[in-house]
Every structure is written in C-alpha cells, then in structure tokens.
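K.L.:
Sharing start10.pdb, PDB, C-alpha atoms:
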ATOM      1  CA  ASP A   1       0.000   0.000   0.000
ATOM      2  CA  GLY A   2       1.137   3.534  -0.707
ATOM      3  CA  GLY A   3       1.681   5.775   2.252
ATOM      4  CA  ILE A   4       3.954   7.746   4.511
ATOM      5  CA  THR A   5       6.215   6.028   7.022
ATOM      6  CA  GLN A   6       7.641   7.890   9.983
ATOM      7  CA  SER A   7      10.223   6.418  12.322
ATOM      8  CA  PRO A   8      10.806   5.961  15.116
ATOM      9  CA  LYS A   9       7.404   6.142  16.785
ATOM     10  CA  TYR A  10       9.001   7.315  20.064
ATOM     11  CA  LEU A  11      12.300   9.148  20.454
ATOM     12  CA  PHE A  12      14.171  10.494  23.440
ATOM     13  CA  ARG A  13      16.717  13.279  23.350
ATOM     14  CA  LYS A  14      19.375  14.200  25.861
ATOM     15  CA  GLU A  15      20.290  17.801  26.514
ATOM     16  CA  GLY A  16      22.622  19.191  23.851
ATOM     17  CA  GLN A  17      21.949  16.348  21.446
ATOM     18  CA  ASN A  18      20.731  16.501  17.848
ATOM     19  CA  VAL A  19      18.184  13.893  16.782
ATOM     20  CA  THR A  20      16.848  13.038  13.327
ATOM     21  CA  LEU A  21      13.293  11.967  12.534
ATOM     22  CA  SER A  22      12.745   9.921   9.401
ATOM     23  CA  CYS A  23       9.945  10.383   6.863
ATOM     24  CA  GLU A  24       9.571   8.260   3.716
ATOM     25  CA  GLN A  25       6.729   8.272   1.197
ATOM     26  CA  ASN A  26       5.930   6.014  -1.747
ATOM     27  CA  LEU A  27       3.031   8.081  -3.094
ATOM     28  CA  ASN A  28       5.208   9.747  -5.754
ATOM     29  CA  HIS A  29       4.310  13.127  -4.274
ATOM     30  CA  ASP A  30       6.508  16.101  -5.055
ATOM     31  CA  ALA A  31       5.753  18.145  -1.938
ATOM     32  CA  MET A  32       6.570  17.132   1.628
ATOM     33  CA  TYR A  33       5.975  18.877   4.954
ATOM     34  CA  TRP A  34       6.888  18.738   8.613
ATOM     35  CA  TYR A  35       4.486  19.874  11.343
ATOM     36  CA  ARG A  36       4.783  20.113  15.080
ATOM     37  CA  GLN A  37       1.750  19.363  17.287
ATOM     38  CA  ASP A  38       1.490  20.571  20.857
ATOM     39  CA  PRO A  39      -1.532  19.946  23.127
ATOM     40  CA  GLY A  40      -4.250  22.501  22.466
ATOM     41  CA  GLN A  41      -2.154  24.226  19.798
ATOM     42  CA  GLY A  42      -3.136  22.496  16.619
ATOM     43  CA  LEU A  43      -0.408  21.867  14.036
ATOM     44  CA  ARG A  44       2.279  24.352  13.079
ATOM     45  CA  LEU A  45       4.409  24.162   9.947
ATOM     46  CA  ILE A  46       8.161  23.715  10.461
ATOM     47  CA  TYR A  47       9.547  23.208   6.924
ATOM     48  CA  TYR A  48       8.280  22.172   3.526
ATOM     49  CA  SER A  49       9.809  21.082   0.256
ATOM     50  CA  GLN A  50       8.347  21.200  -3.227
ATOM     51  CA  ILE A  51      11.208  19.580  -5.084
ATOM     52  CA  VAL A  52      14.411  17.667  -4.490
ATOM     53  CA  ASN A  53      17.281  19.779  -3.124
ATOM     54  CA  ASP A  54      14.991  22.681  -2.258
ATOM     55  CA  PHE A  55      13.041  23.501   0.902
ATOM     56  CA  GLN A  56      11.409  26.474   2.587
ATOM     57  CA  LYS A  57      10.998  27.575   6.189
ATOM     58  CA  GLY A  58       7.571  27.418   7.719
ATOM     59  CA  ASP A  59       6.247  29.316  10.708
ATOM     60  CA  ILE A  60       8.493  27.763  13.379
ATOM     61  CA  ALA A  61      11.735  26.707  11.634
ATOM     62  CA  GLU A  62      14.167  27.925  14.308
ATOM     63  CA  GLY A  63      16.077  25.053  15.918
ATOM     64  CA  TYR A  64      15.239  22.618  13.111
ATOM     65  CA  SER A  65      16.916  21.577   9.860
ATOM     66  CA  VAL A  66      15.860  19.408   6.914
ATOM     67  CA  SER A  67      17.246  17.896   3.729
ATOM     68  CA  ARG A  68      15.629  16.631   0.543
ATOM     69  CA  GLU A  69      18.178  14.535  -1.328
ATOM     70  CA  LYS A  70      15.569  12.127  -2.689
ATOM     71  CA  LYS A  71      11.971  12.625  -3.710
ATOM     72  CA  GLU A  72      10.821   9.919  -1.306
ATOM     73  CA  SER A  73      12.627  11.145   1.795
ATOM     74  CA  PHE A  74      12.426  14.300   3.939
ATOM     75  CA  PRO A  75      14.252  13.832   7.272
ATOM     76  CA  LEU A  76      13.926  16.408  10.047
ATOM     77  CA  THR A  77      16.759  17.140  12.492
ATOM     78  CA  VAL A  78      15.863  18.644  15.846
ATOM     79  CA  THR A  79      19.003  20.473  16.904
ATOM     80  CA  SER A  80      20.237  21.395  20.364
ATOM     81  CA  ALA A  81      19.203  24.976  19.557
ATOM     82  CA  GLN A  82      15.549  23.919  19.852
ATOM     83  CA  LYS A  83      14.954  24.610  23.549
ATOM     84  CA  ASN A  84      11.504  23.086  23.794
ATOM     85  CA  PRO A  85      11.525  20.056  21.490
ATOM     86  CA  THR A  86       9.016  17.882  23.342
ATOM     87  CA  ALA A  87       6.113  17.462  20.928
ATOM     88  CA  PHE A  88       4.424  15.179  18.426
ATOM     89  CA  TYR A  89       5.964  15.560  14.956
ATOM     90  CA  LEU A  90       3.952  14.824  11.828
ATOM     91  CA  CYS A  91       5.207  14.445   8.280
ATOM     92  CA  ALA A  92       2.901  14.952   5.303
ATOM     93  CA  SER A  93       3.035  14.894   1.522
ATOM     94  CA  SER A  94       0.864  16.025  -1.355
ATOM     95  CA  MET A  95       0.734  16.351  -5.090
ATOM     96  CA  LEU A  96       2.029  19.673  -6.288
ATOM     97  CA  THR A  97      -0.312  21.632  -8.522
ATOM     98  CA  LEU A  98      -1.096  25.267  -9.138
ATOM     99  CA  ALA A  99      -4.460  24.748  -7.493
ATOM    100  CA  SER A 100      -4.894  24.556  -3.733
ATOM    101  CA  ASN A 101      -7.274  21.604  -3.805
ATOM    102  CA  GLN A 102      -4.850  18.760  -3.132
ATOM    103  CA  PRO A 103      -5.092  17.352   0.382
ATOM    104  CA  GLN A 104      -2.072  16.403   2.397
ATOM    105  CA  HIS A 105      -1.520  12.820   3.494
ATOM    106  CA  PHE A 106      -0.020  12.277   6.932
ATOM    107  CA  GLY A 107       2.213   9.721   8.574
ATOM    108  CA  ASP A 108       1.520   8.303  12.047
ATOM    109  CA  GLY A 109       3.911  10.695  13.767
ATOM    110  CA  THR A 110       6.945  10.592  16.035
ATOM    111  CA  ARG A 111       6.673  11.547  19.692
ATOM    112  CA  LEU A 112       9.857  13.247  20.909
ATOM    113  CA  SER A 113      10.608  13.603  24.605
ATOM    114  CA  ILE A 114      13.516  15.020  26.601
ATOM    115  CA  LEU A 115      15.402  12.807  29.032
TER     116      LEU A 115
ATOM    117  CA  GLY B   1      -2.276  35.900   7.265
ATOM    118  CA  ASP B   2      -4.601  32.966   6.986
ATOM    119  CA  SER B   3      -6.265  31.639  10.119
ATOM    120  CA  VAL B   4      -8.820  29.023  11.199
ATOM    121  CA  THR B   5     -10.981  29.176  14.315
ATOM    122  CA  GLN B   6     -12.738  26.123  15.726
ATOM    123  CA  MET B   7     -15.067  25.735  18.647
ATOM    124  CA  GLU B   8     -13.292  24.825  21.848
ATOM    125  CA  GLY B   9     -13.600  21.330  23.235
ATOM    126  CA  PRO B  10     -14.038  18.855  24.584
ATOM    127  CA  VAL B  11     -17.458  18.256  23.117
ATOM    128  CA  THR B  12     -19.298  15.426  24.865
ATOM    129  CA  LEU B  13     -22.375  13.824  23.278
ATOM    130  CA  SER B  14     -24.439  10.721  23.722
ATOM    131  CA  GLU B  15     -24.488   8.063  21.028
ATOM    132  CA  GLU B  16     -26.937   8.837  18.175
ATOM    133  CA  ALA B  17     -26.924  12.581  18.953
ATOM    134  CA  PHE B  18     -26.578  15.219  16.230
ATOM    135  CA  LEU B  19     -23.108  16.716  15.885
ATOM    136  CA  THR B  20     -22.008  20.176  14.811
ATOM    137  CA  ILE B  21     -18.430  21.419  15.118
ATOM    138  CA  ASN B  22     -18.101  25.046  14.066
ATOM    139  CA  CYS B  23     -15.240  26.270  11.895
ATOM    140  CA  THR B  24     -14.662  29.751  10.502
ATOM    141  CA  TYR B  25     -11.712  30.998   8.520
ATOM    142  CA  THR B  26      -9.872  34.082   7.350
ATOM    143  CA  ALA B  27      -7.994  33.896   4.075
ATOM    144  CA  THR B  28      -7.201  35.873   0.977
ATOM    145  CA  GLY B  29      -8.288  34.554  -2.365
ATOM    146  CA  TYR B  30     -10.128  31.269  -2.704
ATOM    147  CA  PRO B  31      -8.785  28.635  -0.341
ATOM    148  CA  SER B  32      -9.658  24.964  -0.259
ATOM    149  CA  LEU B  33     -11.092  23.715   3.030
ATOM    150  CA  PHE B  34     -10.535  20.391   4.779
ATOM    151  CA  TRP B  35     -11.594  18.426   7.827
ATOM    152  CA  TYR B  36      -9.093  15.968   9.279
ATOM    153  CA  VAL B  37      -9.609  13.458  12.103
ATOM    154  CA  GLN B  38      -6.967  12.231  14.539
ATOM    155  CA  TYR B  39      -7.381   9.098  16.674
ATOM    156  CA  PRO B  40      -5.225   8.725  19.811
ATOM    157  CA  GLY B  41      -1.539   8.240  19.056
ATOM    158  CA  GLU B  42      -2.026   8.426  15.296
ATOM    159  CA  GLY B  43      -1.496  10.881  12.470
ATOM    160  CA  LEU B  44      -4.215  12.837  10.732
ATOM    161  CA  GLN B  45      -6.637  11.284   8.270
ATOM    162  CA  LEU B  46      -8.478  13.322   5.669
ATOM    163  CA  LEU B  47     -12.197  13.216   6.456
ATOM    164  CA  LEU B  48     -13.591  15.465   3.718
ATOM    165  CA  LYS B  49     -12.795  18.503   1.602
ATOM    166  CA  ALA B  50     -14.408  21.289  -0.421
ATOM    167  CA  THR B  51     -12.579  23.359  -2.983
ATOM    168  CA  LYS B  52     -14.991  26.147  -3.941
ATOM    169  CA  ALA B  53     -17.935  28.072  -2.593
ATOM    170  CA  ASP B  54     -21.142  26.061  -2.014
ATOM    171  CA  ASP B  55     -19.312  22.745  -2.432
ATOM    172  CA  LYS B  56     -20.382  20.080   0.061
ATOM    173  CA  GLY B  57     -17.813  17.560   1.193
ATOM    174  CA  SER B  58     -19.063  14.297   2.671
ATOM    175  CA  ASN B  59     -17.639  11.037   3.990
ATOM    176  CA  LYS B  60     -18.669   8.366   6.529
ATOM    177  CA  GLY B  61     -21.867  10.261   7.370
ATOM    178  CA  PHE B  62     -20.034  13.551   8.004
ATOM    179  CA  GLU B  63     -20.812  16.626   5.911
ATOM    180  CA  ALA B  64     -19.530  20.191   5.616
ATOM    181  CA  THR B  65     -20.510  22.973   3.205
ATOM    182  CA  TYR B  66     -18.129  25.698   2.029
ATOM    183  CA  ARG B  67     -19.927  28.974   2.847
ATOM    184  CA  LYS B  68     -18.024  31.900   1.425
ATOM    185  CA  GLU B  69     -20.551  34.492   2.587
ATOM    186  CA  THR B  70     -20.068  33.488   6.225
ATOM    187  CA  THR B  71     -16.470  32.176   5.785
ATOM    188  CA  SER B  72     -17.502  28.957   7.483
ATOM    189  CA  PHE B  73     -17.085  25.197   7.022
ATOM    190  CA  HIS B  74     -19.029  23.594   9.875
ATOM    191  CA  LEU B  75     -18.797  19.823  10.320
ATOM    192  CA  GLU B  76     -22.065  17.909  10.892
ATOM    193  CA  LYS B  77     -23.190  14.336  11.432
ATOM    194  CA  GLY B  78     -26.740  13.217  11.982
ATOM    195  CA  SER B  79     -26.109  10.346  14.406
ATOM    196  CA  VAL B  80     -22.740   9.913  16.082
ATOM    197  CA  GLN B  81     -21.229   6.642  17.301
ATOM    198  CA  VAL B  82     -18.741   5.849  20.047
ATOM    199  CA  SER B  83     -16.185   5.136  17.305
ATOM    200  CA  ASP B  84     -16.393   8.794  16.203
ATOM    201  CA  SER B  85     -14.577   9.837  19.377
ATOM    202  CA  ALA B  86     -11.427  11.614  18.183
ATOM    203  CA  VAL B  87      -9.919  15.059  17.638
ATOM    204  CA  TYR B  88     -11.208  16.915  14.586
ATOM    205  CA  PHE B  89      -9.203  19.599  12.791
ATOM    206  CA  CYS B  90     -10.467  22.168  10.340
ATOM    207  CA  ALA B  91      -7.818  23.380   7.882
ATOM    208  CA  LEU B  92      -7.403  25.540   4.829
ATOM    209  CA  ARG B  93      -4.959  25.692   1.974
ATOM    210  CA  GLY B  94      -4.506  28.995   0.229
ATOM    211  CA  GLY B  95      -4.171  29.722  -3.430
ATOM    212  CA  GLY B  96      -1.004  28.424  -5.032
ATOM    213  CA  GLY B  97      -1.170  25.106  -3.261
ATOM    214  CA  ALA B  98       2.498  24.708  -2.490
ATOM    215  CA  ASP B  99       2.481  25.952   1.068
ATOM    216  CA  GLY B 100       1.428  24.020   4.124
ATOM    217  CA  LEU B 101      -2.037  23.825   5.588
ATOM    218  CA  THR B 102      -3.289  26.306   8.168
ATOM    219  CA  PHE B 103      -4.993  24.401  10.990
ATOM    220  CA  GLY B 104      -7.451  25.218  13.701
ATOM    221  CA  LYS B 105      -6.531  24.097  17.211
ATOM    222  CA  GLY B 106      -8.678  20.994  17.025
ATOM    223  CA  THR B 107     -11.883  19.906  18.767
ATOM    224  CA  HIS B 108     -11.853  16.840  20.995
ATOM    225  CA  LEU B 109     -15.095  14.892  20.538
ATOM    226  CA  ILE B 110     -16.176  12.360  23.157
ATOM    227  CA  ILE B 111     -19.159  10.113  22.446
ATOM    228  CA  GLN B 112     -20.663   8.292  25.409
ATOM    229  CA  PRO B 113     -22.627   5.056  25.004
TER     230      PRO B 113
END
Can the structure in the file be given as structure tokens, please?

P.N.:
Amino acid sequence: DGGITQSPKYLFRKEGQNVTLSCEQNLNHDAMYWYRQDPGQGLRLIYYSQIVNDFQKGDIAEGYSVSREKKESFPLTVTSAQKNPTAFYLCASSMLTLASNQPQHFGDGTRLSIL
Amino acid sequence: GDSVTQMEGPVTLSEEAFLTINCTYTATGYPSLFWYVQYPGEGLQLLLKATKADDKGSNKGFEATYRKETTSFHLEKGSVQVSDSAVYFCALRGGGGADGLTFGKGTHLIIQP
C-alpha cells in the first residue's frame, strides 16, 4: 500500500543532542511537509519542500533543519538549539499543482521527549 | 495571514446525537477547506474537503458545506457513534497550493454510550 512512514514512533533526546526523525513516502508526491503538534495548539508548519534539493521555512523553523536529497525522503533534524523540542511531529506529503485543492496525506507521527 | 478558528472542546455527546463542530476561517483569495480526524496516538486522516464556494464535502456520514458568505465550514453528522470519538481539525490551503495547511486548534469529541 502507498503511504507515509515515519520512524521511530518514540524518540528520546538528551540535553545538547541533535536527533533526526525519518519520513519516507511512496506516493510519488513532489511536496513534503513537517508539522509540530502541541496539546491545544493544533499543528504548526516547520519546513516544507516542493522539489528535491529545495526547501522552505515554515512558521516555526528555528532550531530545526531538513534535507531533501531524494523525492521519497524528507528527514527532520531537531538540533540542540531547539529549547523546547518535546512534541508530536507529523510528516505529510501532497501532489504539487497550481491549485490549492490537493489534500495532504499524513504519517503516524513521532513523539519526541527530553530525558 | 490565513487563520482558522474552531469551537473549543471537549465536546461530549451521547451516542446517536446530532453533531455540529463550528469552523470559521480568514484567508485571501479562494482557499480549499478540509476536515481531518486524529485518533489517539495516530497521524491525521483526511475526512472530507471542499474546494470552492457552495461545495459540500461528505464522507462516513459527516458533511460540511463551504460557505463563502459566512467564511464557514461547519462539520455535521446526523447520528454519532462511540467510534467517532477523536480530535477533529479544520484546515485551509490557500491559493497556489504549495504551502502548508493552516490548521485550527482541534476539537476533541467524546461520544458516550
């Protein structure tokens, strides 16, 4: 089945440590996205990418970095500069068209906690 | 910028009750509107969408109509079930389509037997 796979499901970070969250999709979508979800806050956009080797900052990019070396993969690194990283992280993808009518498809998320 | 406002939760209903979750939006141009559902510990699943004014999206007994005059996209279901208990998110995607979605804060729905 086509879909989006995020790993790991749970991740723990020590102080001063960088951690990388994986996101892979086999939907042949051009665009990929990373969101952060906090309780009662809804989802906020961290980074997005429309094409390989290109990505754009979202609303809360500080303390995060991404890469897009392959169409299928869009890993997110939570750096030590992110002072409040505990959250649920969701990866999404969509077809890329000039219209706004394409929905985004989501993975099952990674829950990051601080040790 | 774009924004989405949803009714605060939790919303608690008895099984077979009528459901309405209000959603209003602010956006430039002609956005597409979506409802997503999130079950505990999982990602978001697309529930329904509408891409232009007066469109009605529907799925699994849920409906929502794109009302441009009131900038609203309220979610309704005629008879809810315990299995509908989840968090529901209203979202919009602006013109251009390449950017991310703008989400409301979510409404936690609890259905009691």

K.L.:
Spell out the residues picked by the ChimeraX specification (/A :<8) & /B here, as JSON, numbers by chain.

P.N.:
{"B": [31, 32, 34, 41, 42, 43, 44, 45, 46, 49, 50, 51, 89, 93, 94, 95, 96, 97, 98, 99, 100, 101, 102, 103, 104, 105, 106]}

K.L.:
Could you state the separation of atom CA of Ile111 of chain B and atom CA of Met7 of chain B in Å, given to one decimal place?

P.N.:
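Atom CA of Met7 of chain B lies 16.6 Å from atom CA of Ile111 of chain B.
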
K.L.:
Would you kindly translate the PyMOL selection byres ((chain A and resi 67) around 12) into the concrete residues it picks from this file, as a ChimeraX atom specification?

P.N.:
/A:20-23,32-34,47-57,64-66,68-77

K.L.:
Using only C-alpha atoms, please write the residues we just selected to a file, as a PDB file, keeping the file's coordinate frame.

P.N.:
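Saved the output as result33.pdb:
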ATOM      1  CA  THR A  20      16.848  13.038  13.327  1.00  0.00           C
ATOM      2  CA  LEU A  21      13.293  11.967  12.534  1.00  0.00           C
ATOM      3  CA  SER A  22      12.745   9.921   9.401  1.00  0.00           C
ATOM      4  CA  CYS A  23       9.945  10.383   6.863  1.00  0.00           C
ATOM      5  CA  MET A  32       6.570  17.132   1.628  1.00  0.00           C
ATOM      6  CA  TYR A  33       5.975  18.877   4.954  1.00  0.00           C
ATOM      7  CA  TRP A  34       6.888  18.738   8.613  1.00  0.00           C
ATOM      8  CA  TYR A  47       9.547  23.208   6.924  1.00  0.00           C
ATOM      9  CA  TYR A  48       8.280  22.172   3.526  1.00  0.00           C
ATOM     10  CA  SER A  49       9.809  21.082   0.256  1.00  0.00           C
ATOM     11  CA  GLN A  50       8.347  21.200  -3.227  1.00  0.00           C
ATOM     12  CA  ILE A  51      11.208  19.580  -5.084  1.00  0.00           C
ATOM     13  CA  VAL A  52      14.411  17.667  -4.490  1.00  0.00           C
ATOM     14  CA  ASN A  53      17.281  19.779  -3.124  1.00  0.00           C
ATOM     15  CA  ASP A  54      14.991  22.681  -2.258  1.00  0.00           C
ATOM     16  CA  PHE A  55      13.041  23.501   0.902  1.00  0.00           C
ATOM     17  CA  GLN A  56      11.409  26.474   2.587  1.00  0.00           C
ATOM     18  CA  LYS A  57      10.998  27.575   6.189  1.00  0.00           C
ATOM     19  CA  TYR A  64      15.239  22.618  13.111  1.00  0.00           C
ATOM     20  CA  SER A  65      16.916  21.577   9.860  1.00  0.00           C
ATOM     21  CA  VAL A  66      15.860  19.408   6.914  1.00  0.00           C
ATOM     22  CA  ARG A  68      15.629  16.631   0.543  1.00  0.00           C
ATOM     23  CA  GLU A  69      18.178  14.535  -1.328  1.00  0.00           C
ATOM     24  CA  LYS A  70      15.569  12.127  -2.689  1.00  0.00           C
ATOM     25  CA  LYS A  71      11.971  12.625  -3.710  1.00  0.00           C
ATOM     26  CA  GLU A  72      10.821   9.919  -1.306  1.00  0.00           C
ATOM     27  CA  SER A  73      12.627  11.145   1.795  1.00  0.00           C
ATOM     28  CA  PHE A  74      12.426  14.300   3.939  1.00  0.00           C
ATOM     29  CA  PRO A  75      14.252  13.832   7.272  1.00  0.00           C
ATOM     30  CA  LEU A  76      13.926  16.408  10.047  1.00  0.00           C
ATOM     31  CA  THR A  77      16.759  17.140  12.492  1.00  0.00           C
TER      32      THR A  77
END

K.L.:
Enumerate, as a ChimeraX atom specification, the residues matched when the PyMOL selection byres ((chain B and resi 76) around 12) is run on the file above.

P.N.:
/B:17-23,35,47-48,56-65,73-75,77-80,84,88

K.L.:
Generate a file of the selected residues that holds C-alpha atoms, formatted as an mmCIF file, in the frame of the given file.

P.N.:
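Result file follows (part.cif):
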data_model
loop_
_atom_site.group_PDB
_atom_site.id
_atom_site.type_symbol
_atom_site.label_atom_id
_atom_site.label_comp_id
_atom_site.auth_asym_id
_atom_site.auth_seq_id
_atom_site.Cartn_x
_atom_site.Cartn_y
_atom_site.Cartn_z
ATOM 1 C CA ALA B 17 -26.924 12.581 18.953
ATOM 2 C CA PHE B 18 -26.578 15.219 16.230
ATOM 3 C CA LEU B 19 -23.108 16.716 15.885
ATOM 4 C CA THR B 20 -22.008 20.176 14.811
ATOM 5 C CA ILE B 21 -18.430 21.419 15.118
ATOM 6 C CA ASN B 22 -18.101 25.046 14.066
ATOM 7 C CA CYS B 23 -15.240 26.270 11.895
ATOM 8 C CA TRP B 35 -11.594 18.426 7.827
ATOM 9 C CA LEU B 47 -12.197 13.216 6.456
ATOM 10 C CA LEU B 48 -13.591 15.465 3.718
ATOM 11 C CA LYS B 56 -20.382 20.080 0.061
ATOM 12 C CA GLY B 57 -17.813 17.560 1.193
ATOM 13 C CA SER B 58 -19.063 14.297 2.671
ATOM 14 C CA ASN B 59 -17.639 11.037 3.990
ATOM 15 C CA LYS B 60 -18.669 8.366 6.529
ATOM 16 C CA GLY B 61 -21.867 10.261 7.370
ATOM 17 C CA PHE B 62 -20.034 13.551 8.004
ATOM 18 C CA GLU B 63 -20.812 16.626 5.911
ATOM 19 C CA ALA B 64 -19.530 20.191 5.616
ATOM 20 C CA THR B 65 -20.510 22.973 3.205
ATOM 21 C CA PHE B 73 -17.085 25.197 7.022
ATOM 22 C CA HIS B 74 -19.029 23.594 9.875
ATOM 23 C CA LEU B 75 -18.797 19.823 10.320
ATOM 24 C CA LYS B 77 -23.190 14.336 11.432
ATOM 25 C CA GLY B 78 -26.740 13.217 11.982
ATOM 26 C CA SER B 79 -26.109 10.346 14.406
ATOM 27 C CA VAL B 80 -22.740 9.913 16.082
ATOM 28 C CA ASP B 84 -16.393 8.794 16.203
ATOM 29 C CA TYR B 88 -11.208 16.915 14.586
#
